[in-house]
Amino acid sequence: MLDNFINHLPEKVRSTDDFDYGTKFRKKSNALKRRYVEVNQLYKKYIALDLDEPGSAYWWEEKNLPPPTIVIVNPRNARCHYLYELKTPVYYTEEARRAPQKFYESIDSALTTVLKADLGYVGLFVKNPLHESWRVIKHNAIYDLEDFNEYIDLQYYKNKQKYEASLEGRNTTLFHNLRHWAYKEVKQHGSYITFQSAVDDQALSINKMFLAYSNGVLAAKEALSVAKSVGKWTWKHRYTIGNGTKNRGVLANQIDETMDLHARQSLGAKYSHTVRTEKVDDKIKLAIHKCKERGLVVNPGNLEKCGLADSTYRKYKEATHNWIRILA
């Protein structure tokens, strides 16, 4: 179980011993000496929950839920983190489908509700199960998302969330405030990852406004679910948003009607190259992550097994090796 946890981490991991002193990217071997580590956010291998109540290590049993793969307990106050390991990680890259993400988020939200876990926890940093500060309970259990349907009624929790949201309009308020902000913000970013990170931060910031509502703030993970939907849609349509006239996308503010045909074609070619490069980068990164997930050495042969065509590797060899150095 712990080997799987180690293998899912990238080679550079944000970690800390004390959040008051900030976090820092470190090599995996060094990061694993710290008390807290950041779980991989590009592909979700774990559902992470924070149980703030003392003596909660076995609440899963009391609630008739399946055992967490790893329970990490603070011996000083008996509070803990639950980690449910997934057989197939849920990808959060630009080209990843939204449907599996929503399924993952629904399971996460339902488990949070049933276990009365911390609503403000976003699943970013977890107690490092290899650190001597914590006590660790392991169960030989890895799950498909569908497995949780046997233990929780997802439809009940979805209806409950919709009902509670309708009482105060928090979801609607968050969605509309966030999308209008995102339409302008997207122009400031050159990659989906940095843009989505900014949208996530803004969603959490807007969510704080609901402290004055009778039902309080939305669960942080619920706010982030709205952020993912807004971020993904806005990024996909970033070249057409706000264009009331002829659609020239990102070039709308750059094309001068007095330009000759050759100049317009040249500008369009540069833009097409940028978009194509971004898409290729995403394919390379996804293949690298799949290699790591399967425990394969990251080399051309294994990258091809994980979805990166050999022709793409040969054409973008330098870019591929740059990403390997960064991610693997």
# chains A, B, ... in the order shown; residues from 1 in each chain; ligands from 1
call {"tool": "residues_around", "arguments": {"residues": "Asn64 of chain A", "least_positions_apart": "5", "cutoff": "12 Å", "atoms": "only C-alpha atoms", "output": "CSV table (one decimal) with N, CA, C and O atoms, in the first residue's frame"}}
result
chain,number,residue,atom,x,y,z
A,58,TYR,N,-11.8,4.7,13.1
A,58,TYR,CA,-12.6,3.6,12.7
A,58,TYR,C,-14.1,4.0,12.4
A,58,TYR,O,-15.0,3.2,12.5
A,59,TRP,N,-14.3,5.3,12.2
A,59,TRP,CA,-15.6,5.8,11.8
A,59,TRP,C,-16.2,5.1,10.6
A,59,TRP,O,-17.4,5.0,10.4
A,111,LEU,N,-18.8,10.9,0.7
A,111,LEU,CA,-18.0,10.3,1.8
A,111,LEU,C,-17.7,11.4,2.8
A,111,LEU,O,-17.8,11.1,4.0
A,114,VAL,N,-21.0,11.7,4.8
A,114,VAL,CA,-21.3,10.6,5.7
A,114,VAL,C,-20.4,10.6,6.9
A,114,VAL,O,-20.8,10.3,8.0
A,115,LEU,N,-19.1,10.8,6.7
A,115,LEU,CA,-18.1,10.7,7.7
A,115,LEU,C,-18.0,12.0,8.5
A,115,LEU,O,-17.2,12.1,9.5
A,148,PHE,N,-18.1,2.2,-4.7
A,148,PHE,CA,-18.7,3.0,-3.6
A,148,PHE,C,-20.3,3.0,-3.7
A,148,PHE,O,-20.9,3.4,-2.7
A,150,GLU,N,-22.1,0.6,-3.7
A,150,GLU,CA,-22.7,-0.4,-2.9
A,150,GLU,C,-22.9,0.1,-1.4
A,150,GLU,O,-23.6,-0.5,-0.6
A,151,TYR,N,-22.2,1.2,-1.1
A,151,TYR,CA,-22.2,1.7,0.3
A,151,TYR,C,-22.9,3.0,0.5
A,151,TYR,O,-23.4,3.3,1.6
A,152,ILE,N,-23.0,3.8,-0.5
A,152,ILE,CA,-23.7,5.1,-0.4
A,152,ILE,C,-24.6,5.4,-1.5
A,152,ILE,O,-24.4,4.9,-2.7
call {"tool": "select_by_dssp", "arguments": {"residues": "segment 24-191 of chain A", "states": "strand (DSSP E or B)", "output": "PDB file with N, CA and C atoms, in the first residue's frame"}}
result
ATOM      1  N   LYS A  24       7.467  23.851   0.092  1.00  0.00           N
ATOM      2  CA  LYS A  24       8.562  23.946  -0.876  1.00  0.00           C
ATOM      3  C   LYS A  24       8.597  22.685  -1.736  1.00  0.00           C
ATOM      4  N   PHE A  25       8.922  22.873  -3.018  1.00  0.00           N
ATOM      5  CA  PHE A  25       9.117  21.720  -3.895  1.00  0.00           C
ATOM      6  C   PHE A  25      10.458  21.067  -3.573  1.00  0.00           C
ATOM      7  N   ARG A  26      10.428  19.753  -3.375  1.00  0.00           N
ATOM      8  CA  ARG A  26      11.641  18.996  -3.092  1.00  0.00           C
ATOM      9  C   ARG A  26      11.648  17.712  -3.915  1.00  0.00           C
ATOM     10  N   LYS A  27      12.829  17.134  -4.099  1.00  0.00           N
ATOM     11  CA  LYS A  27      12.897  15.816  -4.700  1.00  0.00           C
ATOM     12  C   LYS A  27      12.079  14.854  -3.850  1.00  0.00           C
ATOM     13  N   TYR A  36       4.212  16.511   5.943  1.00  0.00           N
ATOM     14  CA  TYR A  36       3.078  16.664   5.030  1.00  0.00           C
ATOM     15  C   TYR A  36       3.586  16.698   3.584  1.00  0.00           C
ATOM     16  N   VAL A  37       2.867  16.019   2.698  1.00  0.00           N
ATOM     17  CA  VAL A  37       3.219  16.035   1.283  1.00  0.00           C
ATOM     18  C   VAL A  37       1.965  16.309   0.461  1.00  0.00           C
ATOM     19  N   GLU A  38       2.179  16.871  -0.713  1.00  0.00           N
ATOM     20  CA  GLU A  38       1.070  17.157  -1.623  1.00  0.00           C
ATOM     21  C   GLU A  38       0.824  15.951  -2.512  1.00  0.00           C
ATOM     22  N   TYR A  43      -3.378  13.754 -11.689  1.00  0.00           N
ATOM     23  CA  TYR A  43      -4.188  12.539 -11.735  1.00  0.00           C
ATOM     24  C   TYR A  43      -4.437  12.087 -10.305  1.00  0.00           C
ATOM     25  N   LYS A  44      -5.726  11.976 -10.004  1.00  0.00           N
ATOM     26  CA  LYS A  44      -6.168  11.699  -8.642  1.00  0.00           C
ATOM     27  C   LYS A  44      -6.159  10.188  -8.399  1.00  0.00           C
ATOM     28  N   LYS A  45      -5.162   9.751  -7.671  1.00  0.00           N
ATOM     29  CA  LYS A  45      -5.030   8.340  -7.336  1.00  0.00           C
ATOM     30  C   LYS A  45      -5.744   8.012  -6.029  1.00  0.00           C
ATOM     31  N   TYR A  46      -6.025   9.041  -5.232  1.00  0.00           N
ATOM     32  CA  TYR A  46      -6.634   8.836  -3.916  1.00  0.00           C
ATOM     33  C   TYR A  46      -7.813   9.793  -3.700  1.00  0.00           C
ATOM     34  N   ILE A  47      -8.807   9.312  -2.970  1.00  0.00           N
ATOM     35  CA  ILE A  47      -9.804  10.192  -2.375  1.00  0.00           C
ATOM     36  C   ILE A  47      -9.305  10.469  -0.963  1.00  0.00           C
ATOM     37  N   ALA A  48      -9.009  11.718  -0.674  1.00  0.00           N
ATOM     38  CA  ALA A  48      -8.414  12.092   0.607  1.00  0.00           C
ATOM     39  C   ALA A  48      -9.434  12.844   1.453  1.00  0.00           C
ATOM     40  N   LEU A  49      -9.601  12.421   2.702  1.00  0.00           N
ATOM     41  CA  LEU A  49     -10.555  13.023   3.621  1.00  0.00           C
ATOM     42  C   LEU A  49      -9.851  13.396   4.918  1.00  0.00           C
ATOM     43  N   ASP A  50     -10.277  14.495   5.518  1.00  0.00           N
ATOM     44  CA  ASP A  50      -9.699  14.971   6.771  1.00  0.00           C
ATOM     45  C   ASP A  50     -10.757  14.873   7.869  1.00  0.00           C
ATOM     46  N   LEU A  51     -10.554  13.987   8.834  1.00  0.00           N
ATOM     47  CA  LEU A  51     -11.490  13.803   9.938  1.00  0.00           C
ATOM     48  C   LEU A  51     -10.930  14.485  11.174  1.00  0.00           C
ATOM     49  N   ILE A  70      -5.511   3.592   3.478  1.00  0.00           N
ATOM     50  CA  ILE A  70      -4.552   4.065   4.480  1.00  0.00           C
ATOM     51  C   ILE A  70      -5.262   5.037   5.419  1.00  0.00           C
ATOM     52  N   VAL A  71      -5.108   4.824   6.710  1.00  0.00           N
ATOM     53  CA  VAL A  71      -5.572   5.773   7.723  1.00  0.00           C
ATOM     54  C   VAL A  71      -4.330   6.301   8.431  1.00  0.00           C
ATOM     55  N   ILE A  72      -4.161   7.618   8.429  1.00  0.00           N
ATOM     56  CA  ILE A  72      -2.977   8.238   9.026  1.00  0.00           C
ATOM     57  C   ILE A  72      -3.432   9.021  10.250  1.00  0.00           C
ATOM     58  N   VAL A  73      -3.015   8.581  11.425  1.00  0.00           N
ATOM     59  CA  VAL A  73      -3.539   9.103  12.684  1.00  0.00           C
ATOM     60  C   VAL A  73      -2.492   9.961  13.393  1.00  0.00           C
ATOM     61  N   CYS A  80      -7.347  12.252  12.076  1.00  0.00           N
ATOM     62  CA  CYS A  80      -6.688  11.459  11.032  1.00  0.00           C
ATOM     63  C   CYS A  80      -7.082  11.877   9.615  1.00  0.00           C
ATOM     64  N   HIS A  81      -6.323  11.358   8.677  1.00  0.00           N
ATOM     65  CA  HIS A  81      -6.632  11.438   7.261  1.00  0.00           C
ATOM     66  C   HIS A  81      -6.981  10.036   6.761  1.00  0.00           C
ATOM     67  N   TYR A  82      -8.016   9.964   5.921  1.00  0.00           N
ATOM     68  CA  TYR A  82      -8.349   8.725   5.221  1.00  0.00           C
ATOM     69  C   TYR A  82      -7.862   8.859   3.779  1.00  0.00           C
ATOM     70  N   LEU A  83      -7.255   7.824   3.253  1.00  0.00           N
ATOM     71  CA  LEU A  83      -6.883   7.767   1.838  1.00  0.00           C
ATOM     72  C   LEU A  83      -7.510   6.517   1.221  1.00  0.00           C
ATOM     73  N   TYR A  84      -8.442   6.722   0.297  1.00  0.00           N
ATOM     74  CA  TYR A  84      -9.027   5.611  -0.461  1.00  0.00           C
ATOM     75  C   TYR A  84      -8.291   5.541  -1.801  1.00  0.00           C
ATOM     76  N   GLU A  85      -7.561   4.467  -2.014  1.00  0.00           N
ATOM     77  CA  GLU A  85      -6.801   4.334  -3.262  1.00  0.00           C
ATOM     78  C   GLU A  85      -7.699   3.821  -4.388  1.00  0.00           C
ATOM     79  N   LEU A  86      -7.515   4.391  -5.575  1.00  0.00           N
ATOM     80  CA  LEU A  86      -8.289   4.015  -6.755  1.00  0.00           C
ATOM     81  C   LEU A  86      -7.451   3.159  -7.698  1.00  0.00           C
ATOM     82  N   LYS A  87      -8.075   2.141  -8.277  1.00  0.00           N
ATOM     83  CA  LYS A  87      -7.377   1.294  -9.250  1.00  0.00           C
ATOM     84  C   LYS A  87      -6.995   2.108 -10.483  1.00  0.00           C
ATOM     85  N   THR A  88      -7.918   2.947 -10.907  1.00  0.00           N
ATOM     86  CA  THR A  88      -7.682   3.791 -12.082  1.00  0.00           C
ATOM     87  C   THR A  88      -7.746   5.248 -11.664  1.00  0.00           C
ATOM     88  N   PRO A  89      -6.661   5.999 -11.797  1.00  0.00           N
ATOM     89  CA  PRO A  89      -6.691   7.406 -11.384  1.00  0.00           C
ATOM     90  C   PRO A  89      -7.609   8.228 -12.277  1.00  0.00           C
ATOM     91  N   VAL A  90      -8.113   9.313 -11.729  1.00  0.00           N
ATOM     92  CA  VAL A  90      -8.963  10.236 -12.481  1.00  0.00           C
ATOM     93  C   VAL A  90      -8.094  11.406 -12.925  1.00  0.00           C
ATOM     94  N   TYR A  91      -8.015  11.618 -14.222  1.00  0.00           N
ATOM     95  CA  TYR A  91      -7.116  12.629 -14.765  1.00  0.00           C
ATOM     96  C   TYR A  91      -7.768  14.011 -14.766  1.00  0.00           C
ATOM     97  N   PHE A 125      -2.865  18.604   0.566  1.00  0.00           N
ATOM     98  CA  PHE A 125      -1.781  18.034   1.379  1.00  0.00           C
ATOM     99  C   PHE A 125      -2.342  16.965   2.312  1.00  0.00           C
ATOM    100  N   VAL A 126      -1.575  15.898   2.479  1.00  0.00           N
ATOM    101  CA  VAL A 126      -1.966  14.837   3.411  1.00  0.00           C
ATOM    102  C   VAL A 126      -0.824  14.586   4.389  1.00  0.00           C
ATOM    103  N   LYS A 127      -1.169  14.030   5.517  1.00  0.00           N
ATOM    104  CA  LYS A 127      -0.134  13.571   6.443  1.00  0.00           C
ATOM    105  C   LYS A 127       0.675  12.498   5.732  1.00  0.00           C
ATOM    106  N   ARG A 135       0.747   7.594  13.229  1.00  0.00           N
ATOM    107  CA  ARG A 135       0.479   6.160  13.319  1.00  0.00           C
ATOM    108  C   ARG A 135      -0.350   5.770  12.100  1.00  0.00           C
ATOM    109  N   VAL A 136      -0.003   4.675  11.471  1.00  0.00           N
ATOM    110  CA  VAL A 136      -0.626   4.307  10.200  1.00  0.00           C
ATOM    111  C   VAL A 136      -1.364   2.973  10.318  1.00  0.00           C
ATOM    112  N   ILE A 137      -2.596   2.961   9.818  1.00  0.00           N
ATOM    113  CA  ILE A 137      -3.395   1.736   9.727  1.00  0.00           C
ATOM    114  C   ILE A 137      -3.602   1.455   8.247  1.00  0.00           C
ATOM    115  N   LYS A 138      -3.256   0.254   7.801  1.00  0.00           N
ATOM    116  CA  LYS A 138      -3.357  -0.088   6.379  1.00  0.00           C
ATOM    117  C   LYS A 138      -4.379  -1.199   6.175  1.00  0.00           C
ATOM    118  N   TYR A 143      -9.921   0.465  -4.859  1.00  0.00           N
ATOM    119  CA  TYR A 143     -11.306   0.553  -5.325  1.00  0.00           C
ATOM    120  C   TYR A 143     -11.434   1.099  -6.753  1.00  0.00           C
TER     121      TYR A 143
END
call {"tool": "closest_residue", "arguments": {"among": "A:Lys285, A:Lys279, A:Arg76, A:Lys221", "to": "Leu124 of chain A", "atoms": "only C-alpha atoms"}}
result
A:Lys221
call {"tool": "select_by_dssp", "arguments": {"residues": "segment 33-147 of chain A", "states": "alpha helix (DSSP H)", "output": "PyMOL selection string"}}
result
chain A and resi 59-62+98-115
call {"tool": "write_last_selection", "arguments": {"atoms": "N, CA, C and O atoms", "output": "short mmCIF file (atom, residue, chain, number, x, y, z; two decimals), in the first residue's frame"}}
result
data_model
loop_
_atom_site.label_atom_id
_atom_site.label_comp_id
_atom_site.auth_asym_id
_atom_site.auth_seq_id
_atom_site.Cartn_x
_atom_site.Cartn_y
_atom_site.Cartn_z
N TRP A 59 -14.27 5.31 12.15
CA TRP A 59 -15.61 5.78 11.84
C TRP A 59 -16.16 5.13 10.58
O TRP A 59 -17.36 4.97 10.43
N TRP A 60 -15.29 4.78 9.67
CA TRP A 60 -15.75 4.12 8.43
C TRP A 60 -16.54 2.86 8.76
O TRP A 60 -17.53 2.54 8.08
N GLU A 61 -16.12 2.15 9.81
CA GLU A 61 -16.79 0.92 10.20
C GLU A 61 -18.16 1.22 10.81
O GLU A 61 -19.16 0.55 10.50
N GLU A 62 -18.22 2.26 11.64
CA GLU A 62 -19.49 2.65 12.26
C GLU A 62 -20.51 3.12 11.23
O GLU A 62 -21.72 2.98 11.43
N ARG A 98 -14.74 15.33 -18.52
CA ARG A 98 -15.34 15.88 -17.30
C ARG A 98 -16.18 14.84 -16.55
O ARG A 98 -16.29 14.91 -15.32
N ALA A 99 -16.79 13.89 -17.28
CA ALA A 99 -17.69 12.93 -16.64
C ALA A 99 -17.01 12.13 -15.52
O ALA A 99 -17.55 12.04 -14.40
N PRO A 100 -15.82 11.53 -15.74
CA PRO A 100 -15.16 10.81 -14.63
C PRO A 100 -14.80 11.74 -13.47
O PRO A 100 -14.84 11.33 -12.31
N GLN A 101 -14.46 13.00 -13.78
CA GLN A 101 -14.14 13.95 -12.73
C GLN A 101 -15.36 14.21 -11.85
O GLN A 101 -15.27 14.25 -10.62
N LYS A 102 -16.52 14.38 -12.48
CA LYS A 102 -17.75 14.63 -11.72
C LYS A 102 -18.11 13.42 -10.86
O LYS A 102 -18.58 13.57 -9.73
N PHE A 103 -17.89 12.21 -11.39
CA PHE A 103 -18.17 10.99 -10.63
C PHE A 103 -17.26 10.93 -9.41
O PHE A 103 -17.70 10.67 -8.29
N TYR A 104 -15.99 11.21 -9.63
CA TYR A 104 -15.02 11.24 -8.53
C TYR A 104 -15.45 12.26 -7.47
O TYR A 104 -15.45 11.98 -6.26
N GLU A 105 -15.83 13.45 -7.91
CA GLU A 105 -16.19 14.52 -6.98
C GLU A 105 -17.47 14.19 -6.21
O GLU A 105 -17.62 14.55 -5.04
N SER A 106 -18.40 13.48 -6.86
CA SER A 106 -19.64 13.07 -6.19
C SER A 106 -19.34 12.07 -5.09
O SER A 106 -19.90 12.17 -3.98
N ILE A 107 -18.47 11.11 -5.36
CA ILE A 107 -18.08 10.13 -4.36
C ILE A 107 -17.38 10.82 -3.20
O ILE A 107 -17.67 10.58 -2.02
N ASP A 108 -16.45 11.70 -3.53
CA ASP A 108 -15.70 12.44 -2.52
C ASP A 108 -16.65 13.23 -1.62
O ASP A 108 -16.55 13.20 -0.38
N SER A 109 -17.60 13.95 -2.24
CA SER A 109 -18.53 14.77 -1.48
C SER A 109 -19.43 13.92 -0.58
O SER A 109 -19.69 14.28 0.58
N ALA A 110 -19.89 12.78 -1.10
CA ALA A 110 -20.77 11.91 -0.32
C ALA A 110 -20.02 11.32 0.88
O ALA A 110 -20.54 11.28 1.99
N LEU A 111 -18.79 10.88 0.66
CA LEU A 111 -17.99 10.33 1.76
C LEU A 111 -17.72 11.40 2.81
O LEU A 111 -17.77 11.14 4.02
N THR A 112 -17.45 12.61 2.35
CA THR A 112 -17.23 13.73 3.28
C THR A 112 -18.46 13.95 4.15
O THR A 112 -18.35 14.15 5.37
N THR A 113 -19.63 13.89 3.54
CA THR A 113 -20.88 14.12 4.28
C THR A 113 -21.15 12.98 5.27
O THR A 113 -21.45 13.24 6.44
N VAL A 114 -21.03 11.74 4.82
CA VAL A 114 -21.33 10.59 5.67
C VAL A 114 -20.39 10.55 6.88
O VAL A 114 -20.80 10.29 8.01
N LEU A 115 -19.11 10.81 6.65
CA LEU A 115 -18.11 10.73 7.72
C LEU A 115 -17.99 12.02 8.52
O LEU A 115 -17.20 12.06 9.47
#
call {"tool": "residues_around", "arguments": {"residues": "Asn7 of chain A", "least_positions_apart": "6", "cutoff": "10 Å", "atoms": "only C-alpha atoms", "output": "PyMOL selection string"}}
result
chain A and resi 28+292-295
